[in-house]
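Data from data_1.csv: CSV, C-alpha atoms
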chain,number,residue,atom,x,y,z
H,31,MET,CA,0.0,0.0,0.0
H,32,ASN,CA,1.5,3.4,-1.0
H,33,LEU,CA,1.4,6.5,1.1
H,34,ARG,CA,-1.6,8.0,-0.8
H,35,SER,CA,-3.6,4.8,-0.2
H,36,ILE,CA,-2.6,4.7,3.5
H,37,PHE,CA,-3.7,8.4,3.9
H,38,LEU,CA,-7.1,7.8,2.2
H,39,PHE,CA,-7.6,4.6,4.3
H,40,MET,CA,-6.9,6.6,7.5
H,41,MET,CA,-9.3,9.3,6.4
H,42,GLY,CA,-12.0,6.8,5.7
H,43,LEU,CA,-12.0,7.5,2.0
H,44,PRO,CA,-11.8,4.9,-0.7
H,45,ALA,CA,-8.6,4.7,-2.7
H,46,LEU,CA,-9.2,5.0,-6.4
H,47,ALA,CA,-8.5,1.8,-8.3
H,48,GLN,CA,-5.6,2.0,-10.6
H,49,PRO,CA,-6.3,1.0,-14.2
H,50,GLN,CA,-5.5,-2.6,-15.0
H,51,PHE,CA,-4.2,-4.3,-18.1
H,52,ASP,CA,-7.0,-5.7,-20.2
H,53,ARG,CA,-5.8,-8.2,-22.8
H,54,LEU,CA,-9.2,-8.4,-24.4
H,55,ALA,CA,-9.2,-4.7,-25.0
H,56,SER,CA,-5.8,-5.0,-26.8
H,57,GLU,CA,-7.1,-7.9,-28.9
H,58,ASN,CA,-10.2,-6.1,-29.8
H,59,PHE,CA,-8.2,-3.0,-30.9
H,60,GLN,CA,-6.0,-5.1,-33.1
H,61,GLN,CA,-9.0,-6.9,-34.6
H,62,GLN,CA,-10.8,-3.7,-35.3
H,63,LEU,CA,-7.7,-2.2,-36.9
H,64,ASN,CA,-7.4,-5.1,-39.3
H,65,LYS,CA,-11.1,-4.8,-40.1
H,66,GLU,CA,-10.8,-1.2,-41.0
H,67,TYR,CA,-7.8,-1.8,-43.3
H,68,GLN,CA,-9.8,-4.5,-45.1
H,69,ASP,CA,-12.7,-2.1,-45.7
H,70,GLU,CA,-12.4,-0.4,-49.1
H,71,LYS,CA,-14.1,2.7,-47.8
H,72,GLU,CA,-11.9,3.1,-44.7
H,73,SER,CA,-8.6,1.6,-45.7
H,74,PRO,CA,-5.5,3.7,-46.4
H,75,LEU,CA,-3.9,0.8,-48.3
H,76,LEU,CA,-3.1,0.9,-51.9
H,77,PRO,CA,-5.6,-1.2,-53.9
H,78,GLU,CA,-3.0,-3.8,-54.7
H,79,ASP,CA,-2.0,-4.1,-51.1
H,80,ARG,CA,-5.5,-4.3,-49.8
H,81,LYS,CA,-6.3,-7.2,-52.1
H,82,GLN,CA,-3.5,-9.2,-50.4
H,83,PHE,CA,-4.0,-7.8,-46.9
H,84,LYS,CA,-4.6,-10.6,-44.3
H,85,GLY,CA,-3.9,-8.5,-41.2
H,86,HIS,CA,-1.2,-6.4,-39.6
H,87,PRO,CA,1.9,-8.0,-38.2
H,88,PHE,CA,1.8,-7.4,-34.5
H,89,PHE,CA,4.1,-8.0,-31.7
H,90,PRO,CA,2.7,-10.5,-29.2
H,91,ILE,CA,0.4,-8.8,-26.7
H,92,ASP,CA,2.4,-8.2,-23.5
H,93,ALA,CA,1.3,-6.7,-20.2
H,94,LYS,CA,4.8,-5.3,-19.8
H,95,TYR,CA,3.9,-2.6,-22.3
H,96,PHE,CA,0.8,-1.5,-20.5
H,97,VAL,CA,1.8,1.4,-18.2
H,98,VAL,CA,0.0,3.6,-15.7
H,99,ALA,CA,1.8,6.9,-16.2
H,100,GLU,CA,1.8,10.0,-14.2
H,101,PHE,CA,0.0,12.7,-16.1
H,102,VAL,CA,1.2,16.3,-15.7
H,103,ARG,CA,-1.0,19.0,-17.3
H,104,THR,CA,1.0,21.8,-18.9
H,105,GLU,CA,-0.7,25.1,-18.7
H,106,ASN,CA,-0.6,28.1,-21.0
H,107,GLU,CA,0.9,26.3,-23.9
H,108,LYS,CA,0.7,28.2,-27.2
H,109,PRO,CA,-0.6,26.3,-30.3
H,110,PHE,CA,2.1,25.4,-32.8
H,111,ALA,CA,2.3,24.1,-36.3
H,112,MET,CA,3.2,20.4,-36.2
H,113,LYS,CA,5.5,19.2,-39.0
H,114,THR,CA,4.1,16.5,-41.2
H,115,SER,CA,5.3,14.2,-44.0
H,116,THR,CA,4.1,16.9,-46.5
H,117,ALA,CA,3.8,20.7,-46.5
H,118,ARG,CA,0.7,20.6,-44.4
H,119,LEU,CA,1.0,22.2,-40.9
H,120,PRO,CA,-1.9,21.3,-38.6
H,121,MET,CA,-2.2,23.2,-35.4
H,122,TYR,CA,-1.7,21.4,-32.1
H,123,GLU,CA,-1.0,22.3,-28.5
H,124,LYS,CA,1.1,20.5,-26.0
H,125,TYR,CA,-1.6,19.4,-23.5
H,126,GLY,CA,0.6,17.6,-21.0
H,127,GLU,CA,3.4,15.1,-20.2
H,128,VAL,CA,3.3,11.5,-19.2
H,129,HIS,CA,6.0,9.9,-17.0
H,130,PHE,CA,6.5,6.2,-16.7
H,131,LYS,CA,9.1,3.4,-16.7
H,132,ILE,CA,9.9,0.6,-19.1
H,133,ASP,CA,12.4,-2.0,-18.1
H,134,GLY,CA,13.2,0.2,-15.1
H,135,LYS,CA,14.2,3.1,-17.3
H,136,PRO,CA,12.4,6.5,-16.8
H,137,CYS,CA,10.5,7.7,-19.8
H,138,ARG,CA,8.8,11.0,-20.6
H,139,LEU,CA,6.5,11.8,-23.6
H,140,ASN,CA,4.5,14.8,-24.5
H,141,VAL,CA,0.8,14.4,-25.4
H,142,TYR,CA,-0.9,16.8,-27.8
H,143,ARG,CA,-4.3,18.1,-28.5
H,144,SER,CA,-5.5,18.9,-32.0
H,145,MET,CA,-6.9,22.4,-32.3
H,146,ASP,CA,-9.3,21.2,-35.1
H,147,LEU,CA,-10.5,18.1,-33.3
H,148,ARG,CA,-11.1,19.7,-29.9
H,149,ASN,CA,-14.4,21.2,-31.1
H,150,LYS,CA,-15.5,18.1,-33.0
H,151,GLU,CA,-18.2,16.0,-31.4
H,152,GLY,CA,-16.8,12.9,-29.9
H,153,TYR,CA,-13.2,14.2,-29.9
H,154,GLU,CA,-13.5,16.9,-27.3
H,155,ASP,CA,-11.2,14.9,-24.9
H,156,TYR,CA,-9.0,13.3,-27.5
H,157,LEU,CA,-5.3,13.3,-27.0
H,158,PHE,CA,-2.6,12.4,-29.5
H,159,LEU,CA,0.6,10.5,-28.5
H,160,PRO,CA,3.2,10.1,-31.3
H,161,PHE,CA,6.4,8.4,-30.4
H,162,SER,CA,9.6,6.8,-31.7
H,163,ASP,CA,11.7,4.1,-30.1
H,164,LEU,CA,14.6,1.9,-30.7
H,165,THR,CA,12.6,-0.5,-32.9
H,166,ASN,CA,12.0,2.1,-35.6
H,167,GLY,CA,13.5,1.2,-39.0
H,168,GLU,CA,14.2,-2.4,-38.1
H,169,GLU,CA,11.1,-3.9,-36.5
H,170,THR,CA,8.7,-1.0,-36.8
H,171,TYR,CA,8.0,1.9,-39.2
H,172,LEU,CA,10.9,4.3,-39.5
H,173,GLY,CA,8.7,7.3,-38.9
H,174,GLY,CA,7.4,6.2,-35.5
H,175,ARG,CA,3.9,5.2,-34.3
H,176,TYR,CA,0.8,6.7,-32.7
H,177,ILE,CA,-1.4,6.0,-29.7
H,178,ASP,CA,-4.9,7.6,-29.1
H,179,LEU,CA,-5.7,8.7,-25.6
H,180,ARG,CA,-8.4,10.5,-23.7
H,181,ILE,CA,-8.0,13.4,-21.2
H,182,PRO,CA,-7.8,11.7,-17.8
H,183,LYS,CA,-9.9,12.9,-14.8
H,184,GLU,CA,-7.0,12.2,-12.4
H,185,ASN,CA,-3.2,12.6,-12.5
H,186,LEU,CA,-2.8,9.0,-13.8
H,187,ILE,CA,-3.3,7.8,-17.3
H,188,ALA,CA,-3.2,4.3,-18.8
H,189,ILE,CA,-1.1,3.8,-21.9
H,190,ASP,CA,-1.3,0.5,-23.7
H,191,PHE,CA,1.5,0.3,-26.3
H,192,ASN,CA,-0.1,-2.9,-27.5
H,193,GLN,CA,-2.5,-0.5,-29.2
H,194,ALA,CA,0.3,1.5,-31.0
H,195,TYR,CA,-0.5,1.9,-34.7
H,196,ASN,CA,1.3,3.2,-37.8
H,197,PRO,CA,0.6,6.6,-39.5
H,198,TYR,CA,-1.3,6.2,-42.8
H,199,CYS,CA,1.7,7.3,-44.7
H,200,ALA,CA,3.4,4.1,-43.7
H,201,TYR,CA,1.0,2.5,-46.2
H,202,ASN,CA,0.4,5.1,-48.8
H,203,HIS,CA,2.5,8.2,-49.7
H,204,LYS,CA,-0.6,10.3,-50.6
H,205,TYR,CA,-1.4,10.9,-46.9
H,206,SER,CA,0.0,13.7,-44.8
H,207,CYS,CA,1.0,12.4,-41.4
H,208,PRO,CA,2.3,14.3,-38.3
H,209,ALA,CA,6.0,13.7,-37.7
H,210,VAL,CA,7.0,12.5,-34.2
H,211,PRO,CA,8.4,15.6,-32.4
H,212,GLN,CA,12.0,15.3,-31.2
H,213,ASP,CA,10.9,15.4,-27.6
H,214,ASN,CA,9.0,12.1,-28.1
H,215,VAL,CA,11.9,9.9,-29.1
H,216,LEU,CA,12.4,7.1,-26.5
H,217,SER,CA,15.7,5.5,-25.8
H,218,VAL,CA,14.0,2.1,-25.1
H,219,ALA,CA,12.6,-0.6,-27.4
H,220,ILE,CA,8.8,-0.8,-27.5
H,221,ARG,CA,8.2,-4.3,-28.8
H,222,ALA,CA,4.4,-3.9,-28.8
H,223,GLY,CA,1.7,-2.9,-31.2
H,224,VAL,CA,2.0,-2.8,-35.0
H,225,LYS,CA,5.2,-3.8,-36.7
H,226,LYS,CA,6.3,-2.3,-40.0
H,227,PHE,CA,4.1,-3.1,-43.0
H,228,HIS,CA,6.8,-3.4,-45.8
H,229,ASP,CA,10.4,-4.5,-45.5

How does this structure look as structure tokens?
Amino acid sequence: MNLRSIFLFMMGLPALAQPQFDRLASENFQQQLNKEYQDEKESPLLPEDRKQFKGHPFFPIDAKYFVVAEFVRTENEKPFAMKTSTARLPMYEKYGEVHFKIDGKPCRLNVYRSMDLRNKEGYEDYLFLPFSDLTNGEETYLGGRYIDLRIPKENLIAIDFNQAYNPYCAYNHKYSCPAVPQDNVLSVAIRAGVKKFHD
């Protein structure tokens, strides 16, 4: 029991349950991703690739890559133009930071909020987490991967790297994809989520 739990126990208040790893949620995410990429209307795949598509190559689902990170809200951040794979410059704001450990190594990533999506129904609490790690270019897409998150109500946020996915431009050059900011390059290997599509 940590100090916060002890304090709440002594005060007669219930300690908030920490998010737990849900293997089924990871499996459902990966199945849904495959389903979308097989759908002619939703798939970013080139027609010739979609005809042969049987599913994404994934790392084995591993609870090690589910982390409950400390979420630190960053205030008064000015919107900025995020670089992409094209000349397009969508506006984002740095919404906060997440702090966690992988293999005992401290990690920090910035999370971002789209200035366009924040006013779109269903995306009001959407957060964008782009990241690169030591697998890029070998086991995973050179340009990094993404994770979708929601604004947490507390100072903890669950991040399931088993749900990491590739930008659309990993499959089709016609798309314009946000580039991973330099601050979001991890010095650890995240062997979870989608692997690279083409060798």

Exercise. So which residues touch H:Arg118 within 12 Å, counting only C-alpha atoms, skipping near sequence neighbours fewer than 4 positions away, as a VMD selection string?
Worked result: chain H and resid 111 to 114 205 to 209

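Residue nearest H:Asn214, chosen from H:Leu75, H:Leu119, H:Ala99, H:Val128 and counting all atoms listed in the file: H:Val128.
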
How close does each residue of stretch 132-219 of chain H get to stretch 82-88 of chain H, giving the shortest atom pair and distance in Å to one decimal for every residue with an atom at most 10 Å away, counting all atoms listed in the file, sorted by chain and residue number, as CSV?
residue,atom,partner,partner_atom,distance
H:Thr170,CA,H:Phe88,CA,9.7
H:Asn192,CA,H:Phe88,CA,8.5
H:Gln193,CA,H:Phe88,CA,9.7
H:Ala194,CA,H:Phe88,CA,9.7
H:Tyr195,CA,H:Phe88,CA,9.6

For this session: Excluding H:His203 and any residue of its chain fewer than 3 positions from it, enumerate the residues within 10 Å of it, using all atoms listed in the file, and give them as a count of residues only.
Result: 10

Seminar exercise, completed: Counting all atoms listed in the file, closest pick from H:Ser73, H:Gln48, H:Asn196, H:Asn149 relative to H:Val97 is H:Gln48

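For the pair atom CA of H:Leu164 and atom CA of H:Ala222, the separation is 11.9 Å.
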
To box stretch 118-121 of chain H, take all atoms listed in the file, fit an axis-aligned box, add 4 Å on each side, and give centre and edge lengths in Å to one decimal, as lines of an AutoDock Vina configuration file.
center_x = -0.6
center_y = 21.9
center_z = -39.9
size_x = 11.2
size_y = 10.6
size_z = 17.0

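Shortest atom-to-atom contact with H:Lys135 among H:Val218, H:Arg53, H:Val210, H:Pro77: H:Val218, counting all atoms listed in the file.
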
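Relative to atom CA of H:Leu63, atom CA of H:Glu184 is found at 28.4 Å.
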
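Using only C-alpha atoms for every distance, the candidate list H:Pro182, H:Gly126, H:Gly223, H:Pro90 yields H:Pro182 as the residue closest to H:Asp155.
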
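From atom CA of H:Phe96 back to atom CA of H:Ile187, the distance works out to 10.7 Å.
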